[in-house]
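Source file: my_file_23.csv. Holds: CSV, C-alpha atoms.
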```
chain,number,residue,atom,x,y,z
M,229,MET,CA,86.0,128.6,88.3
M,230,VAL,CA,83.7,130.8,90.3
M,231,LEU,CA,80.2,130.4,88.9
M,232,MET,CA,78.0,133.4,87.9
M,233,THR,CA,75.0,134.3,90.0
M,234,GLY,CA,72.7,132.7,87.5
M,235,VAL,CA,70.6,135.8,86.9
M,236,SER,CA,71.8,138.3,84.4
M,237,ALA,CA,71.5,142.1,85.1
M,238,GLN,CA,68.5,142.2,82.7
M,239,ALA,CA,66.8,139.2,84.3
M,240,ALA,CA,67.3,140.7,87.7
M,241,ASP,CA,65.5,143.8,86.6
M,242,ASN,CA,62.5,141.7,85.7
M,243,ARG,CA,62.2,139.8,89.0
M,244,LEU,CA,59.2,140.4,91.2
M,245,PRO,CA,59.8,141.9,94.6
M,246,ALA,CA,60.8,139.4,97.2
M,247,ALA,CA,57.5,139.8,99.0
M,248,THR,CA,55.6,138.3,96.1
M,249,GLY,CA,57.6,135.0,96.2
M,250,ALA,CA,59.2,134.0,99.5
M,251,PRO,CA,62.6,132.4,99.0
M,252,VAL,CA,61.4,129.0,99.8
M,253,LEU,CA,64.3,127.4,97.9
M,254,SER,CA,66.6,128.4,100.7
M,255,ALA,CA,65.4,125.2,102.2
M,256,LEU,CA,67.9,123.5,99.9
M,257,ALA,CA,70.7,125.2,101.7
M,258,ALA,CA,69.0,124.5,105.1
M,259,GLN,CA,69.2,120.8,104.3
M,260,GLN,CA,72.9,121.1,104.0
M,261,LYS,CA,73.2,122.9,107.3
M,262,ASP,CA,71.0,120.3,109.0
M,263,GLY,CA,73.1,117.5,107.5
M,264,LEU,CA,76.3,119.1,108.6
M,265,GLN,CA,75.0,119.5,112.1
M,266,GLN,CA,73.9,115.9,112.3
M,267,ASP,CA,77.3,114.8,110.9
M,268,GLY,CA,79.0,116.9,113.5
M,269,GLN,CA,77.0,115.4,116.4
M,270,GLN,CA,77.8,111.9,115.2
M,271,LYS,CA,81.5,112.7,114.9
M,272,GLU,CA,81.5,114.2,118.4
M,273,GLY,CA,80.1,111.0,119.7
M,274,GLN,CA,82.6,109.0,117.8
M,275,GLN,CA,85.5,111.1,119.1
M,276,GLU,CA,84.5,110.4,122.7
M,277,SER,CA,85.5,106.8,122.1
M,278,ALA,CA,88.1,107.2,119.4
M,279,ALA,CA,90.0,109.9,117.6
M,280,PRO,CA,90.5,108.7,114.0
M,281,GLN,CA,93.1,110.4,111.9
M,282,PRO,CA,91.8,112.6,109.0
M,283,ASP,CA,91.7,110.8,105.7
M,284,PRO,CA,94.3,112.6,103.4
M,285,ALA,CA,92.5,111.5,100.3
M,286,GLN,CA,89.2,113.0,101.5
M,287,ILE,CA,90.9,116.2,102.6
M,288,GLN,CA,92.4,116.4,99.1
M,289,ALA,CA,89.0,115.7,97.4
M,290,ASP,CA,87.3,118.3,99.6
M,291,ASN,CA,89.9,120.9,98.7
M,292,ILE,CA,89.7,120.2,94.9
M,293,ILE,CA,85.9,120.5,95.1
M,294,ARG,CA,86.1,123.7,97.1
M,295,ILE,CA,88.6,125.5,94.8
M,296,SER,CA,87.0,124.2,91.6
M,297,GLY,CA,83.9,126.3,92.5
M,298,LEU,CA,81.5,123.7,91.2
M,299,THR,CA,79.5,123.6,94.4
M,300,GLY,CA,78.1,126.9,93.1
M,301,LEU,CA,75.9,124.9,90.8
M,302,SER,CA,73.6,124.2,93.7
M,303,GLU,CA,73.1,128.0,94.1
M,304,GLN,CA,72.6,128.2,90.3
M,305,ALA,CA,69.8,125.7,90.4
M,306,ARG,CA,68.2,127.3,93.4
M,307,ASN,CA,68.4,130.9,92.0
M,308,LEU,CA,67.1,129.8,88.6
M,309,ALA,CA,64.1,128.0,90.1
M,310,GLN,CA,63.4,130.9,92.5
M,311,GLN,CA,63.5,133.5,89.8
M,312,ILE,CA,61.0,131.6,87.6
M,313,LEU,CA,58.7,130.9,90.6
M,314,ASN,CA,58.8,134.6,91.5
M,315,GLU,CA,58.1,135.6,87.9
M,316,GLN,CA,55.1,133.3,87.8
M,317,ALA,CA,53.9,134.3,91.3
M,318,ALA,CA,53.7,130.6,92.1
M,319,PRO,CA,51.7,129.6,95.1
M,320,ILE,CA,53.6,128.5,98.2
M,321,GLY,CA,52.6,124.9,97.7
M,322,GLN,CA,54.1,124.8,94.3
M,323,GLN,CA,57.3,126.4,95.7
M,324,TYR,CA,57.7,123.6,98.3
M,325,ASP,CA,56.9,121.0,95.6
M,326,VAL,CA,59.9,122.4,93.6
M,327,VAL,CA,62.1,122.2,96.7
M,328,ASP,CA,61.3,118.6,97.2
M,329,ARG,CA,62.0,117.8,93.5
M,330,LEU,CA,65.3,119.6,93.4
M,331,ALA,CA,66.7,118.5,96.8
M,332,GLN,CA,67.8,115.0,95.8
M,333,GLN,CA,70.2,116.3,93.2
M,334,TRP,CA,70.8,120.0,94.0
M,335,ALA,CA,70.9,120.3,97.8
M,336,PRO,CA,74.5,121.3,98.6
M,337,ALA,CA,75.2,118.0,100.4
M,338,ALA,CA,73.8,116.0,97.5
M,339,LEU,CA,75.9,117.9,95.0
M,340,GLN,CA,79.0,117.6,97.2
M,341,GLN,CA,78.5,113.8,97.1
M,342,THR,CA,78.1,113.8,93.4
M,343,LEU,CA,81.3,115.8,92.8
M,344,SER,CA,83.2,113.6,95.2
M,345,SER,CA,82.0,110.4,93.4
M,346,VAL,CA,83.0,111.8,90.0
M,347,LEU,CA,86.4,112.7,91.3
M,348,THR,CA,87.0,109.2,92.7
M,349,ALA,CA,85.7,107.4,89.6
M,350,LYS,CA,87.3,109.5,86.9
M,351,LEU,CA,90.8,110.3,88.3
M,352,ASN,CA,93.4,108.2,89.9
M,353,ASP,CA,95.6,109.3,92.8
M,354,ALA,CA,98.3,110.9,90.6
M,355,GLN,CA,95.7,112.7,88.5
M,356,ARG,CA,93.9,114.1,91.5
M,357,THR,CA,97.2,115.4,92.9
M,358,GLN,CA,98.0,117.0,89.5
M,359,LEU,CA,94.5,118.5,89.3
M,360,GLU,CA,94.9,120.0,92.8
M,361,ARG,CA,98.2,121.6,91.7
M,362,ILE,CA,96.6,123.1,88.6
M,363,LEU,CA,93.6,124.5,90.5
M,364,SER,CA,95.9,125.9,93.2
M,365,SER,CA,98.2,127.6,90.7
M,366,ALA,CA,98.7,131.4,91.0
M,367,THR,CA,97.2,131.9,87.5
M,368,LEU,CA,93.9,130.3,88.4
M,369,GLU,CA,93.8,131.8,91.8
M,370,ALA,CA,94.1,135.2,90.1
M,371,VAL,CA,91.3,134.3,87.7
M,372,ARG,CA,89.0,133.3,90.6
M,373,HIS,CA,89.7,136.7,92.2
M,374,LYS,CA,88.6,138.4,89.0
M,375,GLU,CA,85.5,136.2,88.8
M,376,LEU,CA,84.5,137.0,92.4
M,377,GLN,CA,84.9,140.7,91.7
M,378,ALA,CA,82.8,140.5,88.6
M,379,ILE,CA,80.1,138.6,90.4
M,380,SER,CA,80.0,141.2,93.1
M,381,GLN,CA,79.5,143.9,90.4
M,382,GLN,CA,77.1,141.9,88.2
M,383,SER,CA,73.9,143.7,89.4
M,384,GLY,CA,75.6,147.1,89.4
M,385,SER,CA,75.5,150.0,86.9
M,386,ASP,CA,79.2,149.5,85.8
M,387,TYR,CA,78.5,146.0,84.7
M,388,ARG,CA,75.4,147.0,82.8
M,389,ARG,CA,77.1,149.8,81.1
M,390,TYR,CA,80.0,147.6,80.0
M,391,ILE,CA,77.6,145.0,78.6
M,392,ASP,CA,75.7,147.7,76.7
M,393,ARG,CA,78.9,149.0,75.2
M,394,LEU,CA,80.0,145.5,74.3
M,395,ARG,CA,76.7,144.9,72.5
M,396,ALA,CA,76.9,148.2,70.7
M,397,ASN,CA,80.5,147.9,69.8
M,398,PRO,CA,81.5,144.2,69.4
M,399,VAL,CA,85.1,143.3,70.0
M,400,GLY,CA,87.3,142.0,67.2
M,401,GLU,CA,86.9,138.4,65.9
M,402,ALA,CA,90.3,137.3,67.4
M,403,ARG,CA,89.3,138.3,70.9
M,404,LEU,CA,85.8,136.8,70.5
M,405,GLN,CA,87.3,133.5,69.5
M,406,LEU,CA,89.7,133.6,72.4
M,407,ILE,CA,86.8,134.1,74.9
M,408,ARG,CA,84.9,131.3,73.1
M,409,ARG,CA,87.8,129.0,73.5
M,410,LEU,CA,88.0,129.9,77.2
M,411,ASP,CA,84.3,129.1,77.7
M,412,GLN,CA,84.8,125.7,75.9
M,413,ALA,CA,87.9,124.9,78.0
M,414,MET,CA,86.2,125.8,81.3
M,415,GLN,CA,83.0,124.0,80.1
M,416,PHE,CA,81.3,127.0,81.6
M,417,SER,CA,78.3,127.1,79.3
M,418,ALA,CA,78.1,123.4,79.2
M,419,LEU,CA,77.9,123.0,83.0
M,420,LEU,CA,75.3,125.7,83.3
M,421,SER,CA,73.3,124.2,80.5
M,422,ALA,CA,73.4,120.7,82.1
M,423,THR,CA,72.1,122.3,85.3
M,424,ARG,CA,69.2,124.0,83.6
M,425,GLU,CA,68.4,120.8,81.7
M,426,GLN,CA,67.7,119.2,85.0
M,427,VAL,CA,65.9,122.1,86.7
M,428,TYR,CA,63.5,123.0,83.9
M,429,PRO,CA,61.6,119.7,83.8
M,430,GLN,CA,60.9,120.0,87.5
M,431,LEU,CA,59.4,123.4,87.1
M,432,GLU,CA,57.4,122.3,84.1
M,433,ALA,CA,56.1,119.3,86.1
M,434,VAL,CA,54.9,121.6,88.9
M,435,MET,CA,53.7,124.6,86.9
M,436,THR,CA,52.0,122.8,84.0
M,437,ASP,CA,51.1,126.1,82.2
M,438,TRP,CA,54.8,127.2,82.1
M,439,GLN,CA,57.3,126.3,79.4
M,440,ARG,CA,61.1,127.0,79.3
M,441,PRO,CA,62.1,129.7,76.8
M,442,GLY,CA,62.6,128.5,73.3
M,443,ASN,CA,66.0,130.1,72.8
M,444,TRP,CA,67.4,129.6,76.3
M,445,GLN,CA,70.6,127.8,75.2
M,446,ALA,CA,71.7,130.6,72.9
M,447,ALA,CA,70.8,133.2,75.5
M,448,LEU,CA,72.7,131.4,78.2
M,449,GLU,CA,75.8,131.1,76.0
M,450,GLN,CA,75.6,134.8,75.2
M,451,GLU,CA,75.3,135.7,78.9
M,452,VAL,CA,78.3,133.5,79.7
M,453,LEU,CA,80.4,135.1,77.0
M,454,GLU,CA,79.5,138.6,78.2
M,455,PHE,CA,80.4,137.6,81.7
M,456,LEU,CA,83.8,136.3,80.6
M,457,PHE,CA,84.4,139.4,78.6
M,458,TYR,CA,83.8,141.5,81.7
M,459,VAL,CA,85.9,139.3,83.9
M,460,HIS,CA,88.8,139.5,81.5
M,461,ARG,CA,88.3,143.0,80.2
M,462,SER,CA,91.9,143.9,81.2
M,463,THR,CA,93.5,140.5,80.7
M,464,PRO,CA,96.0,140.4,77.8
M,465,ASN,CA,95.5,137.7,75.1
M,466,ARG,CA,98.8,136.0,76.1
M,467,GLU,CA,97.5,135.6,79.7
M,468,LEU,CA,94.2,134.2,78.4
M,469,GLU,CA,96.1,131.7,76.4
M,470,LYS,CA,97.8,130.6,79.6
M,471,VAL,CA,94.5,130.2,81.4
M,472,ILE,CA,93.1,128.2,78.5
M,473,GLY,CA,96.2,126.0,78.6
M,474,LEU,CA,95.6,125.1,82.2
M,475,TYR,CA,91.9,124.4,81.7
M,476,THR,CA,92.7,122.1,78.7
M,477,ARG,CA,95.1,119.9,80.8
M,478,PRO,CA,94.0,116.3,80.6
M,479,GLU,CA,93.3,116.1,84.4
M,480,MET,CA,91.1,119.2,84.3
M,481,GLN,CA,89.1,118.0,81.3
M,482,LEU,CA,88.6,114.5,82.9
M,483,TRP,CA,87.2,116.3,85.9
M,484,LEU,CA,85.0,118.8,84.2
M,485,SER,CA,83.7,116.4,81.6
M,486,GLY,CA,82.9,113.8,84.2
M,487,VAL,CA,80.9,116.3,86.2
M,488,GLN,CA,79.0,117.5,83.2
M,489,LYS,CA,78.0,114.0,82.2
M,490,GLN,CA,77.0,113.1,85.7
M,491,LEU,CA,74.8,116.2,85.9
M,492,ALA,CA,73.2,115.5,82.6
M,493,ALA,CA,72.4,111.9,83.7
M,494,GLY,CA,70.4,113.3,86.6
```
Please re-express this file's structure in structure tokens.
Amino acid sequence: MVLMTGVSAQAADNRLPAATGAPVLSALAAQQKDGLQQDGQQKEGQQESAAPQPDPAQIQADNIIRISGLTGLSEQARNLAQQILNEQAAPIGQQYDVVDRLAQQWAPAALQQTLSSVLTAKLNDAQRTQLERILSSATLEAVRHKELQAISQQSGSDYRRYIDRLRANPVGEARLQLIRRLDQAMQFSALLSATREQVYPQLEAVMTDWQRPGNWQAALEQEVLEFLFYVHRSTPNRELEKVIGLYTRPEMQLWLSGVQKQLAAG
């Protein structure tokens, strides 16, 4: 699963110019860089005295997390917060306050640790091995390629025209239900919703005159479905059934459900 940019084409059109709201939330990513540099320096010092063998279990966990695409939730949180801060023309002090509030859960290093802990707690060795095989399958690799292409086109005119046509001429009920089943199997909307449920309170605490949109859950689900329609606009129904089958495997559902619950817990 490669996560969406977190800002729809329509939302992007409404964003203020970058000059009106500096991307302060990039500090979340900077924290990851600093942490990695410190880890690297510590490891270099350790290697001078000893050369420990790589931990196969950790290598496997890192690979599962990488190809699952769930580290993109950090960027989701950052993009969502930055978009709203820009729209509200928030003062620089409020922006840094939001950074501090989000960093504990959503800095890339923090999210990586959360995902790793869920993987260890929810799946045994055999289940993790099977999960890695599922995620590494040719079918899901092809899906990730399609998702990456869609993300790269999400702010372009072709994407907007497709969504406009989709809204003007809805697809048949059978295809709609298939895409809904895919969303449910991937827990796509659920994961993004859990992310927003954690980000919105931090924004409301800092910007006391701002409130989250009243219909944001329905709008988010609609945006996800439209994104999936675009991703799979040329995918036959039979192939979609195969993708759904992989996402509904017990190991995959243990992983995705565990992550969703952990995110919701804060």
Counting only C-alpha atoms, which residues in stretch 336-450 of chain M sit no more than 8 Å from stretch 281-293 of chain M? For each one, give the nearest pair of atoms and the distance in Å, sorted by chain then residue number, as JSON lines.
```
{"residue": "M:Gln340", "atom": "CA", "partner": "M:Ile293", "partner_atom": "CA", "distance": 7.8}
{"residue": "M:Leu343", "atom": "CA", "partner": "M:Ile293", "partner_atom": "CA", "distance": 7.0}
{"residue": "M:Ser344", "atom": "CA", "partner": "M:Ala289", "partner_atom": "CA", "distance": 6.5}
{"residue": "M:Leu347", "atom": "CA", "partner": "M:Ala289", "partner_atom": "CA", "distance": 7.3}
{"residue": "M:Arg356", "atom": "CA", "partner": "M:Ala289", "partner_atom": "CA", "distance": 7.8}
{"residue": "M:Thr357", "atom": "CA", "partner": "M:Gln288", "partner_atom": "CA", "distance": 7.9}
{"residue": "M:Leu359", "atom": "CA", "partner": "M:Ile292", "partner_atom": "CA", "distance": 7.6}
{"residue": "M:Glu360", "atom": "CA", "partner": "M:Ile292", "partner_atom": "CA", "distance": 5.6}
{"residue": "M:Leu363", "atom": "CA", "partner": "M:Ile292", "partner_atom": "CA", "distance": 7.3}
```
Who sits within 8 Å of M:Lys350, all atoms listed in the file, same chain under 3 positions skipped, as a list in words: Val346, Leu347, Leu482, Trp483 and Gly486 of chain M
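Of the listed residues M:Arg395, M:Val326, M:Leu404, M:Ala335, the one whose atoms come nearest to M:Glu432 is M:Val326, with distances taken using only C-alpha atoms.
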Closest of M:Gln430, M:Gln445, M:Gln377, M:Ser302 to M:Pro336 - atom-to-atom distances counting only C-alpha atoms: M:Ser302
Point-to-point distance from atom CA of M:Ala447 to atom CA of M:Gln311, Å rounded to tenths: 16.1 Å
Among listed residues M:Gln322, M:Asn352, M:Thr299, M:Asp437, nearest M:Ala337 (using all atoms listed in the file): M:Thr299
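Closest to M:Ser364 among M:Ser296, M:Val487, M:Thr463, M:Ala433 is M:Ser296, based on all atoms listed in the file.
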Length of the atom CA of M:Glu315 to atom CA of M:Leu339 vector [Å]: 26.1 Å
M:His373 environment, 12 Å, only C-alpha atoms, sequence neighbours closer than 6 positions dropped, as a PyMOL selection string: chain M and resi 229-231+295+297+366-367+379-380+459-460
Nearest-residue call for M:Gln323, choices M:Ser365, M:Glu469, M:Ser345, M:Arg306, using only C-alpha atoms: M:Arg306
Pick from M:Arg408, M:Lys489, M:Arg440, M:Arg424 nearest to M:Leu456, counting all atoms listed in the file: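 Going through M:Arg408, M:Lys489, M:Arg440, M:Arg424 one by one, the smallest distance to M:Leu456 is for M:Arg408.
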Interatomic distance (Å, one decimal) between atom CA of M:Lys374 and atom CA of M:Val452: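 Distance between the two atoms: 14.7 Å.
If you count only C-alpha atoms and ignore residues fewer than 3 places along the chain from M:Phe455, what sits within 10 Å of it is Met232, Ser236, Glu375, Ala378, Ile379, Gln382, Tyr387, Ile391, Ile407, Glu449, Gln450, Glu451, Val452, Tyr458, Val459, His460 and Arg461 of chain M.
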All residues 9 Å or closer to M:Leu410, all atoms listed in the file, same chain fewer than 2 positions away omitted, as a list of chain:residue names: M:Gln405, M:Leu406, M:Ile407, M:Arg408, M:Gln412, M:Ala413, M:Met414, M:Gln415, M:Phe416, M:Leu456, M:Leu468, M:Glu469, M:Val471, M:Ile472, M:Tyr475
Produce a file of the selected residues containing C-alpha atoms, as a PDB file, in the frame of the given file.
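To be explicit, this is the file written out as result.pdb:
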```pdb
ATOM      1  CA  GLN M 405      87.300 133.500  69.500  1.00  0.00           C
ATOM      2  CA  LEU M 406      89.700 133.600  72.400  1.00  0.00           C
ATOM      3  CA  ILE M 407      86.800 134.100  74.900  1.00  0.00           C
ATOM      4  CA  ARG M 408      84.900 131.300  73.100  1.00  0.00           C
ATOM      5  CA  GLN M 412      84.800 125.700  75.900  1.00  0.00           C
ATOM      6  CA  ALA M 413      87.900 124.900  78.000  1.00  0.00           C
ATOM      7  CA  MET M 414      86.200 125.800  81.300  1.00  0.00           C
ATOM      8  CA  GLN M 415      83.000 124.000  80.100  1.00  0.00           C
ATOM      9  CA  PHE M 416      81.300 127.000  81.600  1.00  0.00           C
ATOM     10  CA  LEU M 456      83.800 136.300  80.600  1.00  0.00           C
ATOM     11  CA  LEU M 468      94.200 134.200  78.400  1.00  0.00           C
ATOM     12  CA  GLU M 469      96.100 131.700  76.400  1.00  0.00           C
ATOM     13  CA  VAL M 471      94.500 130.200  81.400  1.00  0.00           C
ATOM     14  CA  ILE M 472      93.100 128.200  78.500  1.00  0.00           C
ATOM     15  CA  TYR M 475      91.900 124.400  81.700  1.00  0.00           C
TER      16      TYR M 475
END
```
Hey, can you pull every residue with an atom no more than 10 Å from (72.6, 119.7, 77.8), using all atoms listed in the file, and send it as a short mmCIF file (atom, residue, chain, number, x, y, z; two decimals) with C-alpha atoms, keeping the file's coordinate frame?
```cif
data_model
loop_
_atom_site.label_atom_id
_atom_site.label_comp_id
_atom_site.auth_asym_id
_atom_site.auth_seq_id
_atom_site.Cartn_x
_atom_site.Cartn_y
_atom_site.Cartn_z
CA SER M 417 78.30 127.10 79.30
CA ALA M 418 78.10 123.40 79.20
CA LEU M 419 77.90 123.00 83.00
CA LEU M 420 75.30 125.70 83.30
CA SER M 421 73.30 124.20 80.50
CA ALA M 422 73.40 120.70 82.10
CA THR M 423 72.10 122.30 85.30
CA ARG M 424 69.20 124.00 83.60
CA GLU M 425 68.40 120.80 81.70
CA GLN M 426 67.70 119.20 85.00
CA GLN M 445 70.60 127.80 75.20
CA GLN M 488 79.00 117.50 83.20
CA LYS M 489 78.00 114.00 82.20
CA LEU M 491 74.80 116.20 85.90
CA ALA M 492 73.20 115.50 82.60
CA ALA M 493 72.40 111.90 83.70
#
```
Mind completing stretch 342-366 of chain M with N, CA, C and O atoms? Output as a CSV table (one decimal), in the frame of the given file, please?
```csv
chain,number,residue,atom,x,y,z
M,342,THR,N,77.9,114.1,94.8
M,342,THR,CA,78.1,113.8,93.4
M,342,THR,C,79.5,114.2,92.9
M,342,THR,O,80.1,113.4,92.2
M,343,LEU,N,79.9,115.3,93.2
M,343,LEU,CA,81.3,115.8,92.8
M,343,LEU,C,82.4,114.9,93.4
M,343,LEU,O,83.3,114.5,92.6
M,344,SER,N,82.2,114.4,94.6
M,344,SER,CA,83.2,113.6,95.2
M,344,SER,C,83.3,112.2,94.5
M,344,SER,O,84.3,111.7,94.2
M,345,SER,N,82.1,111.7,94.1
M,345,SER,CA,82.0,110.4,93.4
M,345,SER,C,82.6,110.5,92.0
M,345,SER,O,83.3,109.6,91.6
M,346,VAL,N,82.4,111.6,91.3
M,346,VAL,CA,83.0,111.8,90.0
M,346,VAL,C,84.5,111.9,90.1
M,346,VAL,O,85.3,111.2,89.3
M,347,LEU,N,85.0,112.6,91.1
M,347,LEU,CA,86.4,112.7,91.3
M,347,LEU,C,87.1,111.4,91.6
M,347,LEU,O,88.2,111.1,91.0
M,348,THR,N,86.5,110.6,92.4
M,348,THR,CA,87.0,109.2,92.7
M,348,THR,C,87.0,108.3,91.5
M,348,THR,O,87.9,107.5,91.2
M,349,ALA,N,85.9,108.4,90.7
M,349,ALA,CA,85.7,107.4,89.6
M,349,ALA,C,86.5,107.8,88.4
M,349,ALA,O,86.9,106.9,87.6
M,350,LYS,N,86.7,109.1,88.1
M,350,LYS,CA,87.3,109.5,86.9
M,350,LYS,C,88.8,109.7,87.0
M,350,LYS,O,89.5,109.7,85.9
M,351,LEU,N,89.3,110.0,88.1
M,351,LEU,CA,90.8,110.3,88.3
M,351,LEU,C,91.4,109.4,89.3
M,351,LEU,O,90.9,109.2,90.4
M,352,ASN,N,92.6,108.9,89.0
M,352,ASN,CA,93.4,108.2,89.9
M,352,ASN,C,94.1,109.1,90.9
M,352,ASN,O,94.1,110.3,90.8
M,353,ASP,N,94.9,108.5,91.8
M,353,ASP,CA,95.6,109.3,92.8
M,353,ASP,C,96.5,110.4,92.2
M,353,ASP,O,96.5,111.5,92.6
M,354,ALA,N,97.3,109.9,91.2
M,354,ALA,CA,98.3,110.9,90.6
M,354,ALA,C,97.5,112.0,89.9
M,354,ALA,O,98.0,113.1,89.9
M,355,GLN,N,96.4,111.6,89.2
M,355,GLN,CA,95.7,112.7,88.5
M,355,GLN,C,95.0,113.6,89.4
M,355,GLN,O,95.0,114.8,89.1
M,356,ARG,N,94.5,113.2,90.5
M,356,ARG,CA,93.9,114.1,91.5
M,356,ARG,C,94.9,115.0,92.1
M,356,ARG,O,94.7,116.2,92.3
M,357,THR,N,96.1,114.5,92.3
M,357,THR,CA,97.2,115.4,92.9
M,357,THR,C,97.6,116.4,91.8
M,357,THR,O,97.7,117.6,92.2
M,358,GLN,N,97.7,116.1,90.6
M,358,GLN,CA,98.0,117.0,89.5
M,358,GLN,C,96.9,118.0,89.4
M,358,GLN,O,97.1,119.2,89.2
M,359,LEU,N,95.6,117.6,89.4
M,359,LEU,CA,94.5,118.5,89.3
M,359,LEU,C,94.5,119.5,90.4
M,359,LEU,O,94.2,120.7,90.2
M,360,GLU,N,94.8,119.1,91.7
M,360,GLU,CA,94.9,120.0,92.8
M,360,GLU,C,95.9,121.0,92.6
M,360,GLU,O,95.8,122.2,92.9
M,361,ARG,N,97.1,120.6,92.0
M,361,ARG,CA,98.2,121.6,91.7
M,361,ARG,C,97.7,122.6,90.7
M,361,ARG,O,98.0,123.8,90.8
M,362,ILE,N,97.0,122.2,89.6
M,362,ILE,CA,96.6,123.1,88.6
M,362,ILE,C,95.6,124.1,89.2
M,362,ILE,O,95.7,125.3,89.0
M,363,LEU,N,94.6,123.6,89.9
M,363,LEU,CA,93.6,124.5,90.5
M,363,LEU,C,94.2,125.5,91.5
M,363,LEU,O,93.7,126.6,91.7
M,364,SER,N,95.3,125.0,92.2
M,364,SER,CA,95.9,125.9,93.2
M,364,SER,C,97.0,126.8,92.6
M,364,SER,O,97.6,127.6,93.3
M,365,SER,N,97.2,126.8,91.3
M,365,SER,CA,98.2,127.6,90.7
M,365,SER,C,97.9,129.1,90.8
M,365,SER,O,96.7,129.5,91.0
M,366,ALA,N,98.9,129.9,90.8
M,366,ALA,CA,98.7,131.4,91.0
M,366,ALA,C,97.9,131.9,89.9
M,366,ALA,O,97.1,132.9,90.1
```
